[in-house]
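K.L.:
Sharing a structure, written as structure tokens. Questions coming.
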Amino acid sequence: MNDNANSRRPDAAFADISNVLQQIFQRGLGLICAPGLLSRLAQARDHSEFGAALQELLTRLRAELDNSIQQWRDQVARLQQPDGFLGLLQTQLAQLNPAALGAFATSGFPNHGAALPPLGMFQDKIRQLEAGSAAMLGLQTAVDDFAKQLRRIGEGALAELAAALRQDSERELGLRDLYQIWLVANETAYERVLGSEDYAASLGRLINASAELARLTQTAVDDMLEALKLPSARERTAMLWRLHQMRREQRMTREAARETHSLRQELAELRAELEQLRRAAKPAARRARSPRRREAGHAD
Amino acid sequence: MPIKLDPARIEREWREFSRKLSRLGEDLRRQPPALPEVSPRQELYRDDSVTLYHYRNASAPTNRTPLLVVYSLINRPSILDLRPDRSLIGALRDGGSEVYLLDWGYPGPADRFVTLDDYVNVHLDRAVREICQRHGCPQVALLGVCQGGTLALCYAALHPQRVRSLITLVTPVDFDAGDSVLRKLSKHVDFDRVVDASGNVSAAALNAIFVSLKPYRLLSQRYVDMLDLAGDEAALTEFMRMERWMYDSPDQAGEAFRQFAKEFYQDNALVRGGVRLGDQAVDLGRLTMPIYNVFASGDHLIPPASSRALGDLARSRDYRTLELDSGHLGVFISGRTQRTLFPALVQWLRCHD
């Protein structure tokens, strides 16, 4: 399943950690419930036979653990194959080396090209490829580092399982009981590791290395697309940024229009109110003026 | 001997397992593909990915202040209205509030540059003003859930005049407090690198992180237990509702995610000071409105200590807390927890109307 297109993607190692843990868990469960191993444990006549059967179970489980972790690491290693991501990078690097040094190298001179800084007309490209190559190696280191955490969890779970199987002596166990024992063993071991500073640092390195490789790969793909006059993610991002700015401006315009509308409404209301006040004031003023006029008339 | 196995029982269990599995397959095929929210609602407007909903009341609301519910950006708010007898929205509506929900939706590629400032000062503010205008009132009651509570706190601190009362439900405040695994895991991640590489942060990546907190329970035991639901259609429907909700996760707008992860989780800037939305600093000391802070004692995502820290930061003279005996999800799905939570919220809203 993981062997084809997906495993050649540079960010394939940013595999869902839960799935790796799940795979380890399921394979272990398959072994624990396998009839042969189970019956040997159950049929042990003394502590020595039981110890041997338990040891065999643990050995088989450990082998499965190794196998699962190795498969995960292999996904990254595949990127280095000639048709993998790193393989392609290295091929390109070799082709971009200044020709003069290449000629010396083929004439039996020691090749010091790798120690030189990028030279020639493709120096930017060489720098980019070197960064990609470094990111790939960074990811591999992070995967190896995280594999140690997976092993810690796995070994912890085996120790918990062994302790639980040694303890449960009173009652007869069924399938569901065995499942529960394995579940609790894994959970206990996992939670112990999950809470540690080591685990957080290791997971952080894995995520960062995956992100860096994905970023550099995207840059390389974008360069290629742009050379072919095809739309690239870079252009799309620039367009999205402009779109975002336009949406903000549009909202501000809409907001300003709404405010203008509400101000106009308020103004119209105030005008109407003022008009009403004026109308109300006129008769009163007339009434107020009339007696004066009358008084003035009398005076005349 | 240390362990004893019962071969007859094991064989019985295998047979039972196969029978239930086959029955479950048939039952699952009969399940409807999607289940709508249960409470009737009306879309008031849609602005990019954000929608404001109004929930229709069967009878006239008794509270004068409308209530706006603000959910997290991480999951979908459908958890608040999963079924009639377990609906937070329904309980609040039936308790006398005029309920609105701000649904952040599913950010698409065009939302990559949406920031927390946009979410709080543009979208949340627009929703509040819209509701105030509809009701001819100057303020709303805000109920923020989980990360939505943090956004509601920011809004209330920036626009206190618009918030009559504030409820925070399982809301992270002090990201350093308690033994937060999420905080621990986030410490070493270079979020600039992640967002620069990915743009929007995919829901699948976030789900992987959340599932990795309890991988064995969520990816194995949950489905093994599901076998026991074979033949019980109602329980299976319930299971499937949760199942769909758990993985119905939106992508995260890149810039908003970057800011939340770096400033809130890594720098704990909401507590230490330094969160700026737009050109304003968020100061929780400006929270003087009545506050009801609800958290869960067994919350593995938001440690209670993280929520409890609000009490020391807000200057509200009317500050109350409610500690529920449950985990994070239990607040939304456990009948026992809800029998305490729903009446408490309804009562508090009534008293602070």
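Naming works like this for the structure tokens: A, B, ... for the chains as they're shown, residue 1 at the start of each chain, ligands 1 onward in shown order.
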Please, which residues of chain A lie no more than 7 Å from chain B when the count uses only C-alpha atoms, and can they be set out as a ChimeraX atom specification?

P.N.:
/A:16-18,22,42,46-47,165-169,171-175,183,187,195,200-201,204,207-208,211-212,214-215,240-241,244

K.L.:
So that I can see what lies close to region 18-22 of chain B, please list as a tab-separated table (two decimals) with all heavy atoms, in the first residue's frame the residues with an atom at most 8 Å from it, counting only C-alpha atoms and leaving out residues fewer than 5 positions away in the same chain.

P.N.:
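The new file selection10.tsv reads:
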```
chain	number	residue	atom	x	y	z
B	227	LEU	N	-18.83	-2.98	18.40
B	227	LEU	CA	-19.44	-4.28	18.10
B	227	LEU	C	-20.64	-4.56	19.00
B	227	LEU	O	-21.60	-5.20	18.59
B	227	LEU	CB	-18.41	-5.39	18.29
B	227	LEU	CG	-17.35	-5.52	17.20
B	227	LEU	CD1	-16.33	-6.54	17.60
B	227	LEU	CD2	-18.00	-5.89	15.87
B	228	ASP	N	-20.55	-4.06	20.23
B	228	ASP	CA	-21.65	-4.30	21.17
B	228	ASP	C	-22.91	-3.53	20.80
B	228	ASP	O	-23.97	-3.75	21.39
B	228	ASP	CB	-21.22	-3.94	22.60
B	228	ASP	CG	-20.10	-4.85	23.08
B	228	ASP	OD1	-20.05	-6.00	22.59
B	228	ASP	OD2	-19.27	-4.41	23.89
B	230	ALA	N	-24.19	-3.65	17.82
B	230	ALA	CA	-24.88	-4.36	16.73
B	230	ALA	C	-26.30	-4.69	17.18
B	230	ALA	O	-26.50	-5.22	18.28
B	230	ALA	CB	-24.12	-5.64	16.39
```

K.L.:
Considering only C-alpha atoms, can you say which of B:Val294, B:Met226, B:Ile79, B:Leu142 comes closest to Phe342 (chain B)?

P.N.:
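Using only C-alpha atoms, the shortest distance to Phe342 (chain B) belongs to B:Val294.
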
K.L.:
One decimal, Å: what's the distance from CA of Asn57 (chain B) over to CA of Asp103 (chain B), could you say?

P.N.:
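Taking CA of Asn57 (chain B) as the start and CA of Asp103 (chain B) as the end point, the length is 18.9 Å.
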
K.L.:
How many Å separate CA of Leu58 (chain A) from CA of Gly156 (chain A)?

P.N.:
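So the two atoms, CA of Leu58 (chain A) and CA of Gly156 (chain A), lie 11.7 Å apart.
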
K.L.:
Which residues in region 214-305 of chain B does DSSP call strand (DSSP E)? List them as a ChimeraX atom specification.

P.N.:
/B:276-277,280-281,291-296

K.L.:
What would the file look like if the residues just selected were written as an mmCIF file, in the first residue's frame with N, CA, C and O atoms?

P.N.:
```cif
data_model
loop_
_atom_site.group_PDB
_atom_site.id
_atom_site.type_symbol
_atom_site.label_atom_id
_atom_site.label_comp_id
_atom_site.auth_asym_id
_atom_site.auth_seq_id
_atom_site.Cartn_x
_atom_site.Cartn_y
_atom_site.Cartn_z
ATOM 1 N N ARG B 276 -2.019 40.989 20.206
ATOM 2 C CA ARG B 276 -2.571 42.180 19.557
ATOM 3 C C ARG B 276 -3.463 41.724 18.426
ATOM 4 O O ARG B 276 -3.072 40.883 17.617
ATOM 5 N N LEU B 277 -4.658 42.266 18.381
ATOM 6 C CA LEU B 277 -5.549 41.976 17.264
ATOM 7 C C LEU B 277 -5.803 43.305 16.575
ATOM 8 O O LEU B 277 -6.335 44.235 17.182
ATOM 9 N N GLN B 280 -4.883 46.829 18.377
ATOM 10 C CA GLN B 280 -5.204 46.898 19.808
ATOM 11 C C GLN B 280 -4.637 45.716 20.583
ATOM 12 O O GLN B 280 -4.659 44.579 20.096
ATOM 13 N N ALA B 281 -4.152 46.016 21.789
ATOM 14 C CA ALA B 281 -3.659 44.939 22.657
ATOM 15 C C ALA B 281 -4.844 44.330 23.409
ATOM 16 O O ALA B 281 -5.741 45.049 23.842
ATOM 17 N N ILE B 291 -19.149 37.226 34.523
ATOM 18 C CA ILE B 291 -18.514 36.096 33.816
ATOM 19 C C ILE B 291 -18.881 34.785 34.510
ATOM 20 O O ILE B 291 -18.837 34.684 35.742
ATOM 21 N N TYR B 292 -19.224 33.810 33.699
ATOM 22 C CA TYR B 292 -19.474 32.455 34.219
ATOM 23 C C TYR B 292 -18.477 31.535 33.510
ATOM 24 O O TYR B 292 -18.550 31.355 32.295
ATOM 25 N N ASN B 293 -17.537 30.990 34.277
ATOM 26 C CA ASN B 293 -16.453 30.203 33.697
ATOM 27 C C ASN B 293 -16.679 28.720 34.031
ATOM 28 O O ASN B 293 -16.611 28.329 35.183
ATOM 29 N N VAL B 294 -16.936 27.926 32.991
ATOM 30 C CA VAL B 294 -17.266 26.510 33.210
ATOM 31 C C VAL B 294 -16.144 25.633 32.643
ATOM 32 O O VAL B 294 -15.717 25.833 31.503
ATOM 33 N N PHE B 295 -15.675 24.702 33.431
ATOM 34 C CA PHE B 295 -14.615 23.807 32.959
ATOM 35 C C PHE B 295 -14.842 22.399 33.505
ATOM 36 O O PHE B 295 -15.704 22.199 34.359
ATOM 37 N N ALA B 296 -14.059 21.447 32.973
ATOM 38 C CA ALA B 296 -14.275 20.045 33.352
ATOM 39 C C ALA B 296 -13.039 19.502 34.060
ATOM 40 O O ALA B 296 -11.917 19.682 33.579
#
```

K.L.:
In Å to one decimal, how far is CA of Leu54 (chain A) from CA of Tyr179 (chain A)?

P.N.:
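These two atoms are separated by 16.3 Å.
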
K.L.:
Can you pull out every residue within 12 Å of Gly96 (chain B), counting only C-alpha atoms, but drop anything in the same chain fewer than 5 positions away, and send it as number ranges by chain?

P.N.:
B: 55-67, 89-91, 343, 345-351, 353

K.L.:
Taking only C-alpha atoms into account, which of B:Asp225, B:Glu233, B:Asp318, B:Asp85 comes nearest Arg30 (chain B)?

P.N.:
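Residue with the minimum atom-to-atom distance to Arg30 (chain B): B:Glu233.
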
K.L.:
How would you write, as a PyMOL selection string, the set of residues in region 165-255 of chain A that DSSP gives as alpha helix (DSSP H)?

P.N.:
chain A and resi 165-167+175-194+197-227+233-255
